[in-house]
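Q: Would you mind keeping the following structure in view while I ask a few things?
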Amino acid sequence: MIMSYYDLLLQYYPALLQGLWTTLLLSFVTLVLATPAAVVIAVLRETGSRYIAVPLAILVNIVRLLPALVVLFFVFYAMPQLGHRLSPLAAAFIGLSVMGAAYMSEDFRGSLSAIDPGQYRAAKALGLSHLHTLRRIIIPQAVPLAIPPYITRAIIMVKGTSLASMIAVGDLTAQASRATSITYQPFFFIVLAGLGYLAISALLALFQSWAEFSIARRYRLAPRQG
Amino acid sequence: MMMGEIAKPLPFPARPIVVTKGLVKNYGPVRALDHVDFTVATGEVVAIVGSSGSGKSSLLRCLNYLDPPDAGEVWINEHLMGVVETATGVRKATEREIRQHRADIGMVFQHFNLFPHFTVMQNIIEAPIAVRKVARREAIEAARELLAAVGLADKTDAFPAELSGGQQQRVAIARALAMRPRVMLFDEPTSALDPELVDEVLRVMRRLAAESMTMLVVTHEMGFAEDVADRLVFFDKGKIIEHGKPAIVMRQPSQARTQAFMQRLQRRGL
């Protein structure tokens, strides 16, 4: 029996919506977990003591140099051997957040190191504490610089959630590929899945434009002179 | 009150407010300060001169412990920096304690280092509120007075990028004064300025000197040094090799290296 695209959609849209929802959830949770972790890692590596910075650098590099899929497999398949059994979704949350935080901390580190060291000196000479300096002087200046790489990283992470389909998470990719293998209609379902990712990523790109605009206005950042 | 109109006579001989003993600072293999003994009296203006790399900026950064010295003592206002007295003896000061003492020492940088995301007003009131625990309204009032004194009363809400270099440096001076420091350190305050902007900054500094603010000024402005400074200190290879009345050190230096330096400046028409 040959089904029209309309029939296919009618039959599979609940599963696809379910997948889209799971992908959204994965994206949201990994971004919410990875972002603050990345900020802390970046700040500690840039301005903290060597005894913290060096171990963090090693950790970040180990994670960053491994394929995301290997990390996911490790969390989902290897951890149970060590006595930590996780649901597929929880394993994906952990694996993807860890990967994301490692990459993202490097982006943030870049924007922190772009701040003139004179800013630290001036704040220190005024008697401001290190934490106060970070919170009020350094990070607010680093945020506008971090936005383009941050959103790029977030988009990469959203697309990276499709790897979760490899550890039995029923995300958009998993649902589309299941529907494909039942119906032999790869074109239709893969295009639909692609559109789903496009929509989420486009939202992030829109957010970037808005954030850049509103930050520029808030700080009234005049073009640099000289 | 700071920056008033009346010039007071210098209270010499006065109590020493800055004293260093055997100050040593190394940057890797380079010895920036080589056992510097140095005393500044309350209300004194000292011009610090020397070729680049001679240790003059390092001295300023050691005085406020921005770069703690490797050896030696820094006494500011009869307090030994980096050390705290306890009932049983002395111990190393914590970062927080050093911060409190550092706040007594104002510093002005060559590149101003204003906070670019803050308005002029925010730049000035941030530290008094955070460090001195001054009420916001009082901090704003004091900042307005200081801005008026440096001739920038109309720039309260401007951002640093909207100001000229000379204006930015005057804001930076006001920002340092807002902490009510006992000593002001100036690290080449006019070296990054266009020539026509130098005078407006020097004018503010002259006025401050006239009010008996203790000032240590690393500078290449020999005219300013001669007019305003009570003493000129010449640095070479991390040591003070000559010091005295500015006119005398400049015109009749006793050391060969000072002579060579002064002649170089003269050839450049400074």
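Letters A, B, ... go to the chains of the structure tokens in the order shown; residues in each chain start at 1; ligands are counted from 1 in the same order.
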I need the contact residues of chain A against chain B, so if you could list those with any atom within 6 Å, counting only C-alpha atoms, and return them as a list in words, that would help.
A: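 My answer is Gly118, Gln119, Leu126, Gly127 and Tyr219 of chain A.
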Q: Might you pull out every residue within 10 Å of Val19 (chain B), with only C-alpha atoms counted and same-chain residues fewer than 5 positions away left off, and present them as a PyMOL selection string?
A: chain B and resi 36-41+63+73-80
Q: Please write the residues from the selection above to a file, keeping N, CA and C atoms, as a PDB file, in the first residue's frame.
A:
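Output saved as part-v7.pdb:
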ATOM      1  N   VAL B  36      65.975  49.091  47.350  1.00  0.00           N
ATOM      2  CA  VAL B  36      65.637  50.517  47.315  1.00  0.00           C
ATOM      3  C   VAL B  36      65.236  50.991  48.716  1.00  0.00           C
ATOM      4  N   ASP B  37      65.955  51.998  49.221  1.00  0.00           N
ATOM      5  CA  ASP B  37      65.586  52.678  50.465  1.00  0.00           C
ATOM      6  C   ASP B  37      65.123  54.066  50.072  1.00  0.00           C
ATOM      7  N   PHE B  38      63.945  54.438  50.567  1.00  0.00           N
ATOM      8  CA  PHE B  38      63.303  55.603  49.984  1.00  0.00           C
ATOM      9  C   PHE B  38      62.302  56.116  50.997  1.00  0.00           C
ATOM     10  N   THR B  39      62.268  57.434  51.190  1.00  0.00           N
ATOM     11  CA  THR B  39      61.334  58.016  52.148  1.00  0.00           C
ATOM     12  C   THR B  39      60.627  59.208  51.517  1.00  0.00           C
ATOM     13  N   VAL B  40      59.329  59.274  51.726  1.00  0.00           N
ATOM     14  CA  VAL B  40      58.564  60.410  51.232  1.00  0.00           C
ATOM     15  C   VAL B  40      57.852  61.031  52.427  1.00  0.00           C
ATOM     16  N   ALA B  41      57.959  62.355  52.561  1.00  0.00           N
ATOM     17  CA  ALA B  41      57.318  63.035  53.679  1.00  0.00           C
ATOM     18  C   ALA B  41      55.865  63.353  53.330  1.00  0.00           C
ATOM     19  N   LEU B  63      54.655  49.587  46.060  1.00  0.00           N
ATOM     20  CA  LEU B  63      54.194  50.401  47.180  1.00  0.00           C
ATOM     21  C   LEU B  63      52.764  50.040  47.570  1.00  0.00           C
ATOM     22  N   GLU B  73      60.783  46.085  52.953  1.00  0.00           N
ATOM     23  CA  GLU B  73      59.579  46.546  53.649  1.00  0.00           C
ATOM     24  C   GLU B  73      59.007  47.783  52.978  1.00  0.00           C
ATOM     25  N   VAL B  74      57.685  47.849  52.997  1.00  0.00           N
ATOM     26  CA  VAL B  74      56.991  49.058  52.562  1.00  0.00           C
ATOM     27  C   VAL B  74      56.165  49.553  53.739  1.00  0.00           C
ATOM     28  N   TRP B  75      56.430  50.768  54.183  1.00  0.00           N
ATOM     29  CA  TRP B  75      55.642  51.371  55.256  1.00  0.00           C
ATOM     30  C   TRP B  75      54.801  52.480  54.659  1.00  0.00           C
ATOM     31  N   ILE B  76      53.503  52.378  54.805  1.00  0.00           N
ATOM     32  CA  ILE B  76      52.621  53.454  54.370  1.00  0.00           C
ATOM     33  C   ILE B  76      51.916  53.974  55.615  1.00  0.00           C
ATOM     34  N   ASN B  77      52.118  55.265  55.903  1.00  0.00           N
ATOM     35  CA  ASN B  77      51.440  55.857  57.048  1.00  0.00           C
ATOM     36  C   ASN B  77      51.670  55.042  58.323  1.00  0.00           C
ATOM     37  N   GLU B  78      52.917  54.671  58.512  1.00  0.00           N
ATOM     38  CA  GLU B  78      53.341  53.927  59.704  1.00  0.00           C
ATOM     39  C   GLU B  78      52.732  52.526  59.822  1.00  0.00           C
ATOM     40  N   HIS B  79      52.242  52.035  58.698  1.00  0.00           N
ATOM     41  CA  HIS B  79      51.762  50.645  58.678  1.00  0.00           C
ATOM     42  C   HIS B  79      52.662  49.850  57.742  1.00  0.00           C
ATOM     43  N   LEU B  80      53.139  48.708  58.235  1.00  0.00           N
ATOM     44  CA  LEU B  80      53.979  47.849  57.404  1.00  0.00           C
ATOM     45  C   LEU B  80      53.078  47.029  56.490  1.00  0.00           C
TER      46      LEU B  80
END
Q: Extract, using only C-alpha atoms, all DNA, RNA and protein residues at most 9 Å from Val75 (chain A), discarding same-chain residues fewer than 5 positions from it, and format them as a list in words.
A: Val70, Pro80, His84, Arg85, Leu86, Ala91, Ala92, Ile94 and Gly95 of chain A
Q: Could you jot down the CA of Thr23 (chain A) to CA of Ser165 (chain A) separation for me, Å, one decimal place?
A: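 Spanning CA of Thr23 (chain A) to CA of Ser165 (chain A) is a straight-line distance of 9.8 Å.
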Q: When you look at Leu89 (chain A) with a cut-off of 8 Å (counting only C-alpha atoms), what residues show up, excluding the ones that are within fewer than 5 positions of it in the same chain? I need them as a ChimeraX atom specification.
A: /A:26,164,169
Q: Show which residues sit within 8 Å of Asp107 (chain A), as a list in words. Count only C-alpha atoms, and ignore same-chain residues fewer than 3 positions away.
A: Tyr103, Met104, Gly110, Ser111, Ala146, Pro149 and Tyr150 of chain A
Q: Now that the selection is made, can you save its residues with C-alpha atoms as an mmCIF file, in the first residue's frame?
A:
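Generated output (result_29.cif):
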data_model
loop_
_atom_site.group_PDB
_atom_site.id
_atom_site.type_symbol
_atom_site.label_atom_id
_atom_site.label_comp_id
_atom_site.auth_asym_id
_atom_site.auth_seq_id
_atom_site.Cartn_x
_atom_site.Cartn_y
_atom_site.Cartn_z
ATOM 1 C CA TYR A 103 33.863 23.197 24.676
ATOM 2 C CA MET A 104 31.966 26.173 25.989
ATOM 3 C CA GLY A 110 38.698 33.355 25.024
ATOM 4 C CA SER A 111 36.378 36.239 25.794
ATOM 5 C CA ALA A 146 31.133 35.812 24.389
ATOM 6 C CA PRO A 149 30.806 32.028 20.081
ATOM 7 C CA TYR A 150 28.331 31.070 22.807
#
Q: For Val249 (chain B), work out the shell of residues within 9 Å, counting only C-alpha atoms and skipping chain neighbours fewer than 6 positions away, then give it as JSON, numbers by chain.
A: {"B": [231, 232, 233, 234, 242, 243, 258, 259, 262]}
Q: When you count only C-alpha atoms, which of these residues is closest to His220 (chain B): B:Val120, B:Val30, B:Ala47, B:Ala135?
A: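 Once distances to His220 (chain B) are computed over only C-alpha atoms, the minimum belongs to B:Ala47.
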Q: DSSP says alpha helix (DSSP H) for which residues of region 81-230 of chain B? Put them as a PyMOL selection string?
A: chain B and resi 95-102+120-130+136-149+165-177+195-210+222-228
Q: Please identify all polymer residues within 8 Å of Phe224 (chain B), counting only C-alpha atoms, omitting same-chain residues fewer than 4 positions from it, and present them as a PyMOL selection string.
A: chain B and resi 202+228-229
Q: Kindly indicate which residue among A:Ile41, A:Ala205, A:Ala125, A:Ile200 lies nearest to Ile58 (chain A), using only C-alpha atoms for the distances.
A: A:Ile41
